[in-house]
Amino acid sequence: MTQGNCPSCGAPIEFTAGTALVVVCSHCQTVVAKKGINLEAHGKIGAIVDTDSPLQLNVEGRIGRSGYRLVGHLQKDHGAGPWDEWYVEFDDGRTGWLSESEGAFHLLIASGTEPGLSYDDFAPGHRFSLRDHRLVVEERGHGRVVAAAGQLPSDVDPSADSYYVDATGPRGVFLTLDFGTGTSDPEVYVGKKLKLEELGVSPDQFRPKVKRVSLQQARCTNCNGPLELRAPDRTKRVACPFCGALLDATQGKLAFLQLLEKPDHAPLIPLGARGKLKDAEWMCIGFLVRSCDVEGVRYPWEEYLLFNRAHGFTWLMNSNGHWVFLEPLDAGEVAVAEGVAAHLEGKRYRAFQNVTAVTETVLGEFYWEVQAGEYAEAEEYVAPPYSVNVDRTENEVSYTRGEYLAPEVVREAFQLKEPLPTPQGIASSQPNPHSNSPIWAWTGIWGAALLAVFLVVHMMAAKETVLVHEVSLPPDVRSGTPEAMQFSQPFEIHKRGNVRAELLSSVSNNWLGVQGDLVNEESGEVISFYEEVSYYHGSDSGESWSEGGQREEEYLSVVPPGRYVLRTTAFFDGLSRGHDYRVTLVSDTPRFIWFFWALVLLLIGPLVAFFRSSSFESARWAESNLGSGSDD
């Protein structure tokens, strides 16, 4: 520990952090550096301004087994209001930085420099590997130190811009490349994204929330209309609902920026309305109308900014009556093959569209420097009912995951009195109502039951050959005459069931028909059938041909058990020339054809559902400007 007095004002100061080289005097804001046993003044720096940060100097926490203390505080600004960075000293001597951004925390540890890298090579969305991590650039920019407090590892120069690149990777990995003034090799800081509760800080150490009362009940500087800001601690831009003035709120007071066109209709979800979605209560604080131009046709949509103090910001989008709930994603969590597909958490999202989106209308409060007329490249990848959406500007890229919501869900969530507009057309991430139809499941169940019944019937069937009747007709017998009639020996049918009658004859370039009469010797009942075989063959221009066959079969309906005789009468052309044939009767033999037709009837419903599902998908992908949704 080094103690002394400020060279500028004489107030007592002390160095308690072993790694600190400078300390900011809390009385006069002079930057004091150690030079051996002496203390030197290195100019003054701005005082820390109140922000929404819950942290403060000397807060102690624990992450895993490592205890730490916040010993220094910087505020940087890139023209859109300050953000906070805290200098961290661990109990084991390690140091790092804890930065805040829109309610998120990133703990970063220095990992040396990386030679050969250029700031210009890291455009938003650029993918690269560094320090054994796969990374995606989310933001690049520059800012300068505007305020400081506590103990810091090096001198601070508030006049110098510092260029940086922020990138994310899977499982919350966060990396910053600090290029300094942009002329040197960048310093690499590697860490991860943390929630407030993961910082291991006891609640009694948090700083009381700052209430920006001057903004909570402010008035428009253009028309003097009353403005009730609903998130004054987070708001950077405000659009007046009375005159359309866009106001800057980054300096703790409102400043006029530009006059916007007022919306042509009121937001469907009123500003200030509260609704419960995804197990959290959200307040609607902002409203945008954005659009794109495709082949000369304007396609507009609405975006509603939702705010929850614990969860931050999210979006609700309305396009042609279709609603999508959008949650922020780290870019590093998504693998993208641009124009083809995106992959997130094992799910594949197919490329649907790539357009240039322009912001047309602004109303309410926003956490970034929104402007009417600003452009962004927007990409959408879909796996209904979900989507991955990418918004890319020159210096930043943002990823969101969307989930399709029915209008009734949104209306009920926000307790809207009026019904929402009926959806028009098919949305990109709208679930296909026919793809998961229960008819497929029921078809599978009934098909399995039908197969089980067929197998049981087949196994229990007698399949008994009750008669093999062979006939050899004498020469010169005429077709259909009594001489062409033959009787079999009596035979028994033991089980009630159908009977399969099979006719086999060695006809060649000829035909033979047999009229069969199954006569019950006890009742005299006759069951008749007729079968015909024909077989022709030859050669034509050196090529052999044939048609027909020498075997035919027919099934007789249910035949009662009893003692029978088979009477057969042969029919043929002209006189018999040694015709012979054989009739075989098999009792109680199940027919596969009935199972087949039952299965066909069972499949009619699923085939209709498949057709409707395919038609729905065709209509969906007809709206895509990236083809038909194929992988090619």
# chains A, B, ... in the order shown; residues from 1 in each chain; ligands from 1
>>> closest_atom_pairs(of="range 81-152 of chain A", to="range 56-72 of chain A", cutoff="9 Å", atoms="only C-alpha atoms", output="tab-separated table")
residue	atom	partner	partner_atom	distance
A:Glu85	CA	A:Gly72	CA	8.4
A:Trp86	CA	A:Gly72	CA	5.6
A:Tyr87	CA	A:Gly72	CA	4.6
A:Val88	CA	A:Leu70	CA	4.8
A:Glu89	CA	A:Arg69	CA	5.5
A:Phe90	CA	A:Tyr68	CA	4.0
A:Asp91	CA	A:Gly67	CA	5.5
A:Asp92	CA	A:Ser66	CA	7.7
A:Thr95	CA	A:Tyr68	CA	8.8
A:Leu98	CA	A:Leu70	CA	8.6
A:Ala148	CA	A:Gly72	CA	7.7
A:Ala149	CA	A:Gly72	CA	6.0
A:Gly150	CA	A:Gly72	CA	4.4
A:Gln151	CA	A:Gly72	CA	4.6
A:Leu152	CA	A:Gly72	CA	5.4
>>> residues_around(residues="range 447-453 of chain A", least_positions_apart="4", cutoff="9 Å", atoms="only C-alpha atoms", output="VMD selection string")
chain A and resid 442 to 443 457 to 458 595 598 to 599 602 to 603
>>> closest_atom_pairs(of="range 258-351 of chain A", to="range 421-431 of chain A", cutoff="10 Å", atoms="only C-alpha atoms", output="Markdown table")
| residue | atom | partner | partner_atom | distance |
| --- | --- | --- | --- | --- |
| A:Leu268 | CA | A:Pro421 | CA | 9.1 |
| A:Asn318 | CA | A:Pro423 | CA | 9.6 |
| A:Ser319 | CA | A:Ala427 | CA | 7.9 |
| A:Asn320 | CA | A:Gln424 | CA | 5.4 |
| A:Gly321 | CA | A:Pro423 | CA | 4.0 |
| A:His322 | CA | A:Pro423 | CA | 5.4 |
| A:Trp323 | CA | A:Pro423 | CA | 8.9 |
| A:Val324 | CA | A:Ser429 | CA | 8.3 |
>>> residues_around(residues="range 237-251 of chain A", least_positions_apart="6", cutoff="8 Å", atoms="only C-alpha atoms", output="list in words")
Ala80, Gly81, Cys220, Thr221, Asn222, Cys223, Gly225, Leu227, Leu257, Gln258, Leu259, Leu260, Glu261, Lys262, Val362, Leu363, Gly364, Glu365, Phe366, Tyr367, Trp368, Glu369, Val370 and Gln371 of chain A
>>> write_last_selection(atoms="N, CA and C atoms", output="tab-separated table (two decimals), in the first residue's frame")
chain	number	residue	atom	x	y	z
A	80	ALA	N	-22.66	8.17	-28.12
A	80	ALA	CA	-24.04	7.78	-27.86
A	80	ALA	C	-24.28	7.58	-26.37
A	81	GLY	N	-23.49	8.28	-25.54
A	81	GLY	CA	-23.64	8.12	-24.11
A	81	GLY	C	-22.57	7.18	-23.55
A	220	CYS	N	-41.32	17.62	-24.49
A	220	CYS	CA	-40.70	17.70	-25.81
A	220	CYS	C	-40.13	19.09	-26.02
A	221	THR	N	-38.90	19.18	-26.46
A	221	THR	CA	-38.27	20.49	-26.70
A	221	THR	C	-38.78	21.15	-27.96
A	222	ASN	N	-39.56	20.42	-28.76
A	222	ASN	CA	-40.09	20.99	-30.01
A	222	ASN	C	-41.51	21.53	-29.84
A	223	CYS	N	-42.40	20.74	-29.19
A	223	CYS	CA	-43.80	21.15	-29.06
A	223	CYS	C	-44.24	21.33	-27.62
A	225	GLY	N	-44.88	19.12	-25.52
A	225	GLY	CA	-45.79	18.08	-25.09
A	225	GLY	C	-45.20	17.24	-23.97
A	227	LEU	N	-43.87	14.17	-21.93
A	227	LEU	CA	-43.31	12.86	-22.30
A	227	LEU	C	-43.04	12.08	-21.03
A	257	LEU	N	-33.30	16.53	-32.37
A	257	LEU	CA	-32.43	16.02	-33.42
A	257	LEU	C	-33.05	16.24	-34.81
A	258	GLN	N	-34.27	15.75	-35.03
A	258	GLN	CA	-34.91	15.89	-36.32
A	258	GLN	C	-36.41	15.71	-36.17
A	259	LEU	N	-37.14	16.16	-37.18
A	259	LEU	CA	-38.59	16.03	-37.19
A	259	LEU	C	-38.95	14.84	-38.07
A	260	LEU	N	-39.72	13.91	-37.51
A	260	LEU	CA	-40.07	12.69	-38.20
A	260	LEU	C	-41.50	12.75	-38.71
A	261	GLU	N	-41.80	11.92	-39.70
A	261	GLU	CA	-43.19	11.77	-40.13
A	261	GLU	C	-43.94	10.95	-39.08
A	262	LYS	N	-45.12	11.42	-38.75
A	262	LYS	CA	-45.93	10.71	-37.75
A	262	LYS	C	-46.50	9.43	-38.37
A	362	VAL	N	-40.67	6.25	-36.35
A	362	VAL	CA	-40.13	6.04	-35.01
A	362	VAL	C	-41.09	6.68	-34.01
A	363	LEU	N	-41.41	5.93	-32.95
A	363	LEU	CA	-42.28	6.46	-31.91
A	363	LEU	C	-41.89	5.82	-30.59
A	364	GLY	N	-41.76	6.62	-29.52
A	364	GLY	CA	-41.44	6.09	-28.21
A	364	GLY	C	-39.98	6.18	-27.86
A	365	GLU	N	-39.50	5.26	-27.01
A	365	GLU	CA	-38.14	5.28	-26.46
A	365	GLU	C	-37.31	4.13	-27.04
A	366	PHE	N	-35.98	4.39	-27.16
A	366	PHE	CA	-35.09	3.39	-27.73
A	366	PHE	C	-33.74	3.43	-27.03
A	367	TYR	N	-33.10	2.25	-26.97
A	367	TYR	CA	-31.84	2.14	-26.24
A	367	TYR	C	-30.62	2.39	-27.12
A	368	TRP	N	-30.82	2.72	-28.40
A	368	TRP	CA	-29.70	3.04	-29.28
A	368	TRP	C	-30.06	4.29	-30.08
A	369	GLU	N	-29.13	4.78	-30.84
A	369	GLU	CA	-29.32	6.03	-31.57
A	369	GLU	C	-30.14	5.81	-32.84
A	370	VAL	N	-31.40	5.51	-32.67
A	370	VAL	CA	-32.26	5.23	-33.80
A	370	VAL	C	-32.47	6.50	-34.62
A	371	GLN	N	-32.60	6.34	-35.93
A	371	GLN	CA	-32.88	7.46	-36.82
A	371	GLN	C	-33.83	6.99	-37.92
>>> residues_around(residues="range 335-343 of chain A", least_positions_apart="5", cutoff="10 Å", atoms="only C-alpha atoms", output="MDAnalysis selection string")
chainID A and resid 125 127 134:136 169:170 348:354 379:383 387:389 626:627 629:632
>>> write_last_selection(atoms="N, CA, C and O atoms", output="mmCIF file, in the first residue's frame")
data_model
loop_
_atom_site.group_PDB
_atom_site.id
_atom_site.type_symbol
_atom_site.label_atom_id
_atom_site.label_comp_id
_atom_site.auth_asym_id
_atom_site.auth_seq_id
_atom_site.Cartn_x
_atom_site.Cartn_y
_atom_site.Cartn_z
ATOM 1 N N GLY A 125 -20.011 -9.399 -38.481
ATOM 2 C CA GLY A 125 -20.376 -10.674 -39.078
ATOM 3 C C GLY A 125 -19.180 -11.504 -39.522
ATOM 4 O O GLY A 125 -19.332 -12.675 -39.864
ATOM 5 N N ARG A 127 -16.203 -13.943 -39.450
ATOM 6 C CA ARG A 127 -15.953 -15.124 -38.622
ATOM 7 C C ARG A 127 -14.467 -15.473 -38.662
ATOM 8 O O ARG A 127 -13.855 -15.492 -39.732
ATOM 9 N N ARG A 134 -13.876 -20.194 -31.786
ATOM 10 C CA ARG A 134 -14.521 -19.770 -33.028
ATOM 11 C C ARG A 134 -15.376 -18.555 -32.708
ATOM 12 O O ARG A 134 -16.235 -18.607 -31.819
ATOM 13 N N LEU A 135 -15.158 -17.464 -33.442
ATOM 14 C CA LEU A 135 -15.729 -16.184 -33.053
ATOM 15 C C LEU A 135 -16.422 -15.495 -34.221
ATOM 16 O O LEU A 135 -16.109 -15.753 -35.385
ATOM 17 N N VAL A 136 -17.353 -14.588 -33.878
ATOM 18 C CA VAL A 136 -18.056 -13.766 -34.856
ATOM 19 C C VAL A 136 -18.017 -12.324 -34.368
ATOM 20 O O VAL A 136 -18.339 -12.043 -33.210
ATOM 21 N N GLY A 169 -18.508 -16.009 -29.122
ATOM 22 C CA GLY A 169 -18.374 -17.397 -29.543
ATOM 23 C C GLY A 169 -19.381 -18.262 -28.824
ATOM 24 O O GLY A 169 -20.176 -17.776 -28.007
ATOM 25 N N PRO A 170 -19.374 -19.570 -29.078
ATOM 26 C CA PRO A 170 -20.331 -20.474 -28.424
ATOM 27 C C PRO A 170 -20.177 -20.467 -26.906
ATOM 28 O O PRO A 170 -19.112 -20.190 -26.367
ATOM 29 N N ARG A 348 -31.445 -26.777 -37.691
ATOM 30 C CA ARG A 348 -31.060 -26.159 -38.961
ATOM 31 C C ARG A 348 -32.155 -25.215 -39.437
ATOM 32 O O ARG A 348 -33.327 -25.575 -39.487
ATOM 33 N N TYR A 349 -31.755 -23.991 -39.769
ATOM 34 C CA TYR A 349 -32.670 -22.969 -40.258
ATOM 35 C C TYR A 349 -32.315 -22.668 -41.721
ATOM 36 O O TYR A 349 -31.164 -22.350 -42.028
ATOM 37 N N ARG A 350 -33.296 -22.752 -42.601
ATOM 38 C CA ARG A 350 -33.047 -22.566 -44.033
ATOM 39 C C ARG A 350 -33.188 -21.097 -44.419
ATOM 40 O O ARG A 350 -34.071 -20.383 -43.931
ATOM 41 N N ALA A 351 -32.294 -20.644 -45.298
ATOM 42 C CA ALA A 351 -32.301 -19.247 -45.724
ATOM 43 C C ALA A 351 -33.615 -18.921 -46.426
ATOM 44 O O ALA A 351 -34.034 -19.636 -47.336
ATOM 45 N N PHE A 352 -34.249 -17.824 -46.001
ATOM 46 C CA PHE A 352 -35.533 -17.441 -46.580
ATOM 47 C C PHE A 352 -35.447 -16.140 -47.368
ATOM 48 O O PHE A 352 -35.978 -16.040 -48.473
ATOM 49 N N GLN A 353 -34.810 -15.138 -46.793
ATOM 50 C CA GLN A 353 -34.743 -13.869 -47.509
ATOM 51 C C GLN A 353 -33.555 -13.045 -47.054
ATOM 52 O O GLN A 353 -33.026 -13.209 -45.957
ATOM 53 N N ASN A 354 -33.152 -12.147 -47.948
ATOM 54 C CA ASN A 354 -32.069 -11.190 -47.688
ATOM 55 C C ASN A 354 -32.484 -9.882 -48.329
ATOM 56 O O ASN A 354 -32.595 -9.794 -49.554
ATOM 57 N N GLU A 379 -31.269 -10.423 -42.874
ATOM 58 C CA GLU A 379 -31.327 -11.796 -43.359
ATOM 59 C C GLU A 379 -32.253 -12.591 -42.439
ATOM 60 O O GLU A 379 -32.308 -12.339 -41.238
ATOM 61 N N GLU A 380 -32.944 -13.556 -42.998
ATOM 62 C CA GLU A 380 -33.834 -14.392 -42.204
ATOM 63 C C GLU A 380 -33.649 -15.855 -42.593
ATOM 64 O O GLU A 380 -33.612 -16.198 -43.773
ATOM 65 N N TYR A 381 -33.526 -16.697 -41.559
ATOM 66 C CA TYR A 381 -33.407 -18.141 -41.721
ATOM 67 C C TYR A 381 -34.535 -18.779 -40.901
ATOM 68 O O TYR A 381 -34.774 -18.372 -39.757
ATOM 69 N N VAL A 382 -35.234 -19.753 -41.463
ATOM 70 C CA VAL A 382 -36.440 -20.256 -40.811
ATOM 71 C C VAL A 382 -36.406 -21.762 -40.588
ATOM 72 O O VAL A 382 -35.849 -22.524 -41.375
ATOM 73 N N ALA A 383 -36.999 -22.144 -39.469
ATOM 74 C CA ALA A 383 -37.318 -23.546 -39.134
ATOM 75 C C ALA A 383 -38.606 -23.467 -38.336
ATOM 76 O O ALA A 383 -38.598 -23.493 -37.107
ATOM 77 N N SER A 387 -37.215 -18.813 -36.070
ATOM 78 C CA SER A 387 -36.413 -18.160 -37.099
ATOM 79 C C SER A 387 -35.158 -17.585 -36.452
ATOM 80 O O SER A 387 -35.122 -17.332 -35.240
ATOM 81 N N VAL A 388 -34.133 -17.414 -37.252
ATOM 82 C CA VAL A 388 -32.928 -16.685 -36.854
ATOM 83 C C VAL A 388 -32.826 -15.471 -37.769
ATOM 84 O O VAL A 388 -32.874 -15.612 -38.996
ATOM 85 N N ASN A 389 -32.720 -14.295 -37.164
ATOM 86 C CA ASN A 389 -32.728 -13.054 -37.920
ATOM 87 C C ASN A 389 -31.426 -12.301 -37.690
ATOM 88 O O ASN A 389 -30.938 -12.218 -36.556
ATOM 89 N N LEU A 626 -34.862 -16.065 -52.003
ATOM 90 C CA LEU A 626 -33.646 -16.888 -52.066
ATOM 91 C C LEU A 626 -33.958 -18.258 -52.627
ATOM 92 O O LEU A 626 -33.383 -19.261 -52.220
ATOM 93 N N GLY A 627 -34.913 -18.351 -53.541
ATOM 94 C CA GLY A 627 -35.219 -19.637 -54.168
ATOM 95 C C GLY A 627 -36.361 -20.318 -53.465
ATOM 96 O O GLY A 627 -37.175 -19.722 -52.769
ATOM 97 N N GLY A 629 -36.245 -22.685 -51.138
ATOM 98 C CA GLY A 629 -35.960 -23.294 -49.853
ATOM 99 C C GLY A 629 -35.134 -24.537 -49.942
ATOM 100 O O GLY A 629 -34.931 -25.226 -48.964
ATOM 101 N N SER A 630 -34.627 -24.876 -51.125
ATOM 102 C CA SER A 630 -33.782 -26.063 -51.260
ATOM 103 C C SER A 630 -32.403 -25.744 -50.733
ATOM 104 O O SER A 630 -32.038 -24.614 -50.490
ATOM 105 N N ASP A 631 -31.592 -26.775 -50.568
ATOM 106 C CA ASP A 631 -30.251 -26.606 -50.039
ATOM 107 C C ASP A 631 -29.254 -26.222 -51.113
ATOM 108 O O ASP A 631 -28.091 -25.988 -50.835
ATOM 109 N N ASP A 632 -29.657 -26.201 -52.368
ATOM 110 C CA ASP A 632 -28.717 -25.926 -53.452
ATOM 111 C C ASP A 632 -28.434 -24.446 -53.529
ATOM 112 O O ASP A 632 -29.260 -23.611 -53.238
#
>>> select_by_dssp(residues="range 460-595 of chain A", states="alpha helix (DSSP H)", output="list in words")
Met460, Phe592, Ile593, Trp594 and Phe595 of chain A
>>> select_by_dssp(residues="range 16-103 of chain A", states="strand (DSSP E)", output="ChimeraX atom specification")
/A:22-24,30-35,38-44,60-63,66-77,82-90,95-101
>>> closest_residue(among="A:Ile269, A:Ile527, A:Val146, A:Val499", to="Glu302 in chain A", atoms="only C-alpha atoms")
A:Ile269
>>> residues_around(residues="Asp580 in chain A", least_positions_apart="4", cutoff="8 Å", atoms="only C-alpha atoms", output="list in words")
Glu470, Val471, Ser472, Leu473, Ser505 and Ser506 of chain A
>>> closest_residue(among="A:Ala41, A:Leu512, A:Val410, A:Ile593", to="Gly574 in chain A", atoms="only C-alpha atoms")
A:Leu512
>>> closest_residue(among="A:Pro267, A:Glu327, A:Ile439, A:Glu522", to="Tyr304 in chain A", atoms="only C-alpha atoms")
A:Pro267
>>> closest_residue(among="A:Ala266, A:Leu196, A:Ala123, A:Ala501", to="Leu107 in chain A", atoms="only C-alpha atoms")
A:Leu196
>>> residues_around(residues="range 177-188 of chain A", least_positions_apart="2", cutoff="8 Å", atoms="only C-alpha atoms", output="count of residues only")
19
>>> decode(residues="range 363-411 of chain A", atoms="C-alpha atoms", output="PDB file, in the first residue's frame")
ATOM      1  CA  LEU A 363     -42.282   6.457 -31.910  1.00  0.00           C
ATOM      2  CA  GLY A 364     -41.442   6.086 -28.208  1.00  0.00           C
ATOM      3  CA  GLU A 365     -38.138   5.283 -26.465  1.00  0.00           C
ATOM      4  CA  PHE A 366     -35.088   3.386 -27.727  1.00  0.00           C
ATOM      5  CA  TYR A 367     -31.837   2.137 -26.243  1.00  0.00           C
ATOM      6  CA  TRP A 368     -29.704   3.041 -29.275  1.00  0.00           C
ATOM      7  CA  GLU A 369     -29.318   6.034 -31.574  1.00  0.00           C
ATOM      8  CA  VAL A 370     -32.258   5.233 -33.804  1.00  0.00           C
ATOM      9  CA  GLN A 371     -32.881   7.455 -36.825  1.00  0.00           C
ATOM     10  CA  ALA A 372     -35.530   7.597 -39.495  1.00  0.00           C
ATOM     11  CA  GLY A 373     -34.012   6.649 -42.826  1.00  0.00           C
ATOM     12  CA  GLU A 374     -31.286   4.365 -41.438  1.00  0.00           C
ATOM     13  CA  TYR A 375     -30.547   1.215 -43.460  1.00  0.00           C
ATOM     14  CA  ALA A 376     -29.546  -2.310 -42.450  1.00  0.00           C
ATOM     15  CA  GLU A 377     -29.010  -5.557 -44.302  1.00  0.00           C
ATOM     16  CA  ALA A 378     -31.580  -8.016 -42.957  1.00  0.00           C
ATOM     17  CA  GLU A 379     -31.327 -11.796 -43.359  1.00  0.00           C
ATOM     18  CA  GLU A 380     -33.834 -14.392 -42.204  1.00  0.00           C
ATOM     19  CA  TYR A 381     -33.407 -18.141 -41.721  1.00  0.00           C
ATOM     20  CA  VAL A 382     -36.440 -20.256 -40.811  1.00  0.00           C
ATOM     21  CA  ALA A 383     -37.318 -23.546 -39.134  1.00  0.00           C
ATOM     22  CA  PRO A 384     -41.021 -22.951 -38.376  1.00  0.00           C
ATOM     23  CA  PRO A 385     -42.204 -21.868 -35.891  1.00  0.00           C
ATOM     24  CA  TYR A 386     -38.728 -20.464 -35.184  1.00  0.00           C
ATOM     25  CA  SER A 387     -36.413 -18.160 -37.099  1.00  0.00           C
ATOM     26  CA  VAL A 388     -32.928 -16.685 -36.854  1.00  0.00           C
ATOM     27  CA  ASN A 389     -32.728 -13.054 -37.920  1.00  0.00           C
ATOM     28  CA  VAL A 390     -29.599 -11.031 -38.710  1.00  0.00           C
ATOM     29  CA  ASP A 391     -29.457  -7.227 -38.885  1.00  0.00           C
ATOM     30  CA  ARG A 392     -26.160  -5.870 -40.182  1.00  0.00           C
ATOM     31  CA  THR A 393     -24.908  -2.276 -40.376  1.00  0.00           C
ATOM     32  CA  GLU A 394     -21.470  -0.903 -41.158  1.00  0.00           C
ATOM     33  CA  ASN A 395     -20.245  -1.231 -37.565  1.00  0.00           C
ATOM     34  CA  GLU A 396     -22.559  -3.699 -35.872  1.00  0.00           C
ATOM     35  CA  VAL A 397     -24.414  -6.959 -36.396  1.00  0.00           C
ATOM     36  CA  SER A 398     -27.220  -8.247 -34.185  1.00  0.00           C
ATOM     37  CA  TYR A 399     -28.798 -11.692 -34.075  1.00  0.00           C
ATOM     38  CA  THR A 400     -32.255 -12.557 -32.770  1.00  0.00           C
ATOM     39  CA  ARG A 401     -34.203 -15.780 -32.455  1.00  0.00           C
ATOM     40  CA  GLY A 402     -37.862 -15.486 -33.389  1.00  0.00           C
ATOM     41  CA  GLU A 403     -40.858 -17.556 -32.378  1.00  0.00           C
ATOM     42  CA  TYR A 404     -44.148 -17.269 -34.260  1.00  0.00           C
ATOM     43  CA  LEU A 405     -47.157 -16.206 -32.162  1.00  0.00           C
ATOM     44  CA  ALA A 406     -50.830 -16.319 -33.102  1.00  0.00           C
ATOM     45  CA  PRO A 407     -52.595 -12.920 -32.905  1.00  0.00           C
ATOM     46  CA  GLU A 408     -54.823 -14.262 -30.121  1.00  0.00           C
ATOM     47  CA  VAL A 409     -51.743 -14.901 -27.956  1.00  0.00           C
ATOM     48  CA  VAL A 410     -50.558 -11.293 -28.359  1.00  0.00           C
ATOM     49  CA  ARG A 411     -54.028  -9.864 -27.771  1.00  0.00           C
TER      50      ARG A 411
END
